[in-house]
Amino acid sequence: MRQCSLVLLFFAGTQLTLSAAEVSSPRHKVIAADKGKIVRFDENGEVEWTTDKVRSVHKIQQLENGNLLTQQGWGKLVEINPQGKIVWQYDSANSHGNEGKKLEVHAFQRLENGNTMIVENGVGRIIEVSPKGKIIHEFPFQVTKPNAHSDVRMAHKLESGNYLVCHEAEGRVTEYNRDGKIVWEYEVPLFGKERATGHGPEAYGNQTFNSLRLKNGNTLIATGNGHSVIEVTPNKEVVWSVHQNDLEGITLAWVTSLEVLPNGNLIIGNCHAGPDNPQLIEITKDKEVVWTFKDFKNLGNSTAASATVGVQGEVLR
């Protein structure tokens, strides 16, 4: 689903240090989260603003009105306006029967009708709530061993009305219809490698973080600790991929955020890769690196949520 790429230039919040991010060229404005903050950078990597009204963040959605929808802890969503004020919130951990239960929210989406889709890990359901917090629609998702932290990482409601869901712990991307029936599913492969524990480049698995449904009907998947991005057809054939050491001078670790730019280039998030590697990388489909972003002062090694700002045209994210 299309996301707005416009955010106002000023955002009230806590001033960070004046150190700039390292960018390979002045190509993109960036908004990213780490160390309990959301930071916006200009094309040169200079800090424009920051807000500390968040904690751990796995997603930032830029809204049409210039506000940001994000997390304040794993159980609560907040919408923050350009003056730094929280103008809407929804506390999944303490709403609609969830009090006292193990619950985390990592995936959410403000829908075009003004409602908000929320994936409630632990209790195992996807809900849509109205601006007033009333549940408009809900259905259970399917996991074999419920886990509040890793049931689902990212999820998107598609233009078809179906839901594309990344079941992180089980290493699969699942498409549900509105009634919760599985209509397509893909198990992320290990590509012949053995699993390895950890979070950095030394780790390995198939704990998928994100996926996007492309206009051609294929699905783009960030494989998390699989250190890769793969494009899969509806018939589950891998037709394109970029793996850990495919990009010259760059090592991929936990691959998180995904953006498809109007020119077809991809921007991928590279989390837990260490200070020798960029956190954001723009590549062509020929795997040519055309832009990188790195900041280990204002941000750090756990930058999982990010997006470009102000790109002309429709960005899929």
# chains A, B, ... in the order shown; residues from 1 in each chain; ligands from 1

call {"tool": "residues_around", "arguments": {"residues": "range 281-283 of chain A", "least_positions_apart": "6", "cutoff": "6 Å", "atoms": "only C-alpha atoms", "output": "NGL selection string"}}
result
:A and (265-268 or 289-292)

call {"tool": "closest_residue", "arguments": {"among": "A:Gly36, A:Gly274, A:Pro146, A:Gly217", "to": "Asn298 in chain A", "atoms": "only C-alpha atoms"}}
result
A:Gly36

call {"tool": "residues_around", "arguments": {"residues": "Glu194 in chain A", "least_positions_apart": "3", "cutoff": "9 Å", "atoms": "only C-alpha atoms", "output": "compact mmCIF listing (two decimals) with all heavy atoms, in the first residue's frame"}}
result
# COMPACT_ATOMS: atom_id res chain seq x y z
N LEU A 190 16.83 -21.74 3.88
CA LEU A 190 18.15 -21.53 4.48
C LEU A 190 19.25 -21.58 3.43
O LEU A 190 20.43 -21.38 3.76
CB LEU A 190 18.41 -22.57 5.56
CG LEU A 190 17.54 -22.46 6.81
CD1 LEU A 190 17.76 -23.65 7.72
CD2 LEU A 190 17.83 -21.16 7.56
N PHE A 191 18.91 -21.85 2.19
CA PHE A 191 19.87 -21.88 1.08
C PHE A 191 21.06 -22.80 1.38
O PHE A 191 22.20 -22.51 1.04
CB PHE A 191 20.35 -20.46 0.75
CG PHE A 191 19.25 -19.58 0.24
CD1 PHE A 191 18.65 -18.65 1.08
CD2 PHE A 191 18.81 -19.66 -1.08
CE1 PHE A 191 17.63 -17.82 0.60
CE2 PHE A 191 17.80 -18.85 -1.55
CZ PHE A 191 17.21 -17.93 -0.72
N TYR A 204 22.83 -16.73 11.60
CA TYR A 204 22.18 -17.13 10.35
C TYR A 204 20.88 -17.85 10.67
O TYR A 204 20.78 -18.61 11.63
CB TYR A 204 23.08 -18.05 9.51
CG TYR A 204 22.51 -18.25 8.13
CD1 TYR A 204 22.58 -17.24 7.18
CD2 TYR A 204 21.86 -19.43 7.79
CE1 TYR A 204 22.02 -17.38 5.93
CE2 TYR A 204 21.31 -19.60 6.54
CZ TYR A 204 21.39 -18.57 5.61
OH TYR A 204 20.82 -18.72 4.38
N GLY A 205 19.89 -17.58 9.82
CA GLY A 205 18.60 -18.23 9.96
C GLY A 205 17.67 -17.75 8.88
O GLY A 205 18.09 -17.28 7.82

call {"tool": "residues_around", "arguments": {"residues": "Pro262 in chain A", "least_positions_apart": "6", "cutoff": "9 Å", "atoms": "only C-alpha atoms", "output": "list in words"}}
result
Val311, Gln312, Gly313, Glu314, Val315 and Leu316 of chain A

call {"tool": "write_last_selection", "arguments": {"atoms": "N, CA and C atoms", "output": "PDB file, in the first residue's frame"}}
result
ATOM      1  N   VAL A 311      11.066  11.643  -1.497  1.00  0.00           N
ATOM      2  CA  VAL A 311      11.320  11.093  -2.829  1.00  0.00           C
ATOM      3  C   VAL A 311      10.156  11.439  -3.737  1.00  0.00           C
ATOM      4  N   GLN A 312      10.459  11.926  -4.928  1.00  0.00           N
ATOM      5  CA  GLN A 312       9.419  12.282  -5.884  1.00  0.00           C
ATOM      6  C   GLN A 312       8.833  11.020  -6.527  1.00  0.00           C
ATOM      7  N   GLY A 313       7.513  10.873  -6.445  1.00  0.00           N
ATOM      8  CA  GLY A 313       6.863   9.690  -6.991  1.00  0.00           C
ATOM      9  C   GLY A 313       6.457   8.718  -5.895  1.00  0.00           C
ATOM     10  N   GLU A 314       5.871   7.630  -6.309  1.00  0.00           N
ATOM     11  CA  GLU A 314       5.341   6.645  -5.362  1.00  0.00           C
ATOM     12  C   GLU A 314       6.440   5.700  -4.890  1.00  0.00           C
ATOM     13  N   VAL A 315       6.593   5.623  -3.581  1.00  0.00           N
ATOM     14  CA  VAL A 315       7.553   4.703  -2.968  1.00  0.00           C
ATOM     15  C   VAL A 315       6.779   3.582  -2.306  1.00  0.00           C
ATOM     16  N   LEU A 316       7.160   2.357  -2.602  1.00  0.00           N
ATOM     17  CA  LEU A 316       6.547   1.208  -1.946  1.00  0.00           C
ATOM     18  C   LEU A 316       7.359   0.871  -0.718  1.00  0.00           C
TER      19      LEU A 316
END

call {"tool": "closest_residue", "arguments": {"among": "A:Glu248, A:Glu168, A:Asp286, A:Glu48", "to": "Ala222 in chain A", "atoms": "only C-alpha atoms"}}
result
A:Glu168

call {"tool": "closest_residue", "arguments": {"among": "A:Ala32, A:Val47, A:Leu164, A:Val188", "to": "Thr70 in chain A", "atoms": "only C-alpha atoms"}}
result
A:Ala32

call {"tool": "residues_around", "arguments": {"residues": "Lys157 in chain A", "least_positions_apart": "5", "cutoff": "9 Å", "atoms": "only C-alpha atoms", "output": "VMD selection string"}}
result
chain A and resid 1 109 111 117 162 to 165

call {"tool": "residues_around", "arguments": {"residues": "Pro234 in chain A", "least_positions_apart": "3", "cutoff": "9 Å", "atoms": "only C-alpha atoms", "output": "list in words"}}
result
Trp184, Gly217, Asn218, Thr219 and Glu237 of chain A

call {"tool": "residues_around", "arguments": {"residues": "Asn81 in chain A", "least_positions_apart": "6", "cutoff": "8 Å", "atoms": "only C-alpha atoms", "output": "list of chain:residue names"}}
result
A:Phe11, A:Gly66, A:Asn67, A:Leu68, A:Val87

call {"tool": "write_last_selection", "arguments": {"atoms": "C-alpha atoms", "output": "tab-separated table (two decimals), in the first residue's frame"}}
result
chain	number	residue	atom	x	y	z
A	11	PHE	CA	9.75	18.59	14.49
A	66	GLY	CA	2.74	15.09	8.17
A	67	ASN	CA	2.48	13.16	11.44
A	68	LEU	CA	4.35	9.99	12.32
A	87	VAL	CA	-2.23	13.48	19.05

call {"tool": "select_by_dssp", "arguments": {"residues": "range 134-263 of chain A", "states": "strand (DSSP E or B)", "output": "MDAnalysis selection string"}}
result
chainID A and resid 135:140 155:157 163:167 172:176 182:187 196 204 210:213 219:222 224 229:232 238:242 254:260

call {"tool": "closest_residue", "arguments": {"among": "A:Ser302, A:Asn216, A:Ser228, A:Ser160", "to": "Pro189 in chain A", "atoms": "only C-alpha atoms"}}
result
A:Ser228

call {"tool": "closest_residue", "arguments": {"among": "A:Leu299, A:Val229, A:Asn270, A:Gln142", "to": "Lys287 in chain A", "atoms": "only C-alpha atoms"}}
result
A:Val229
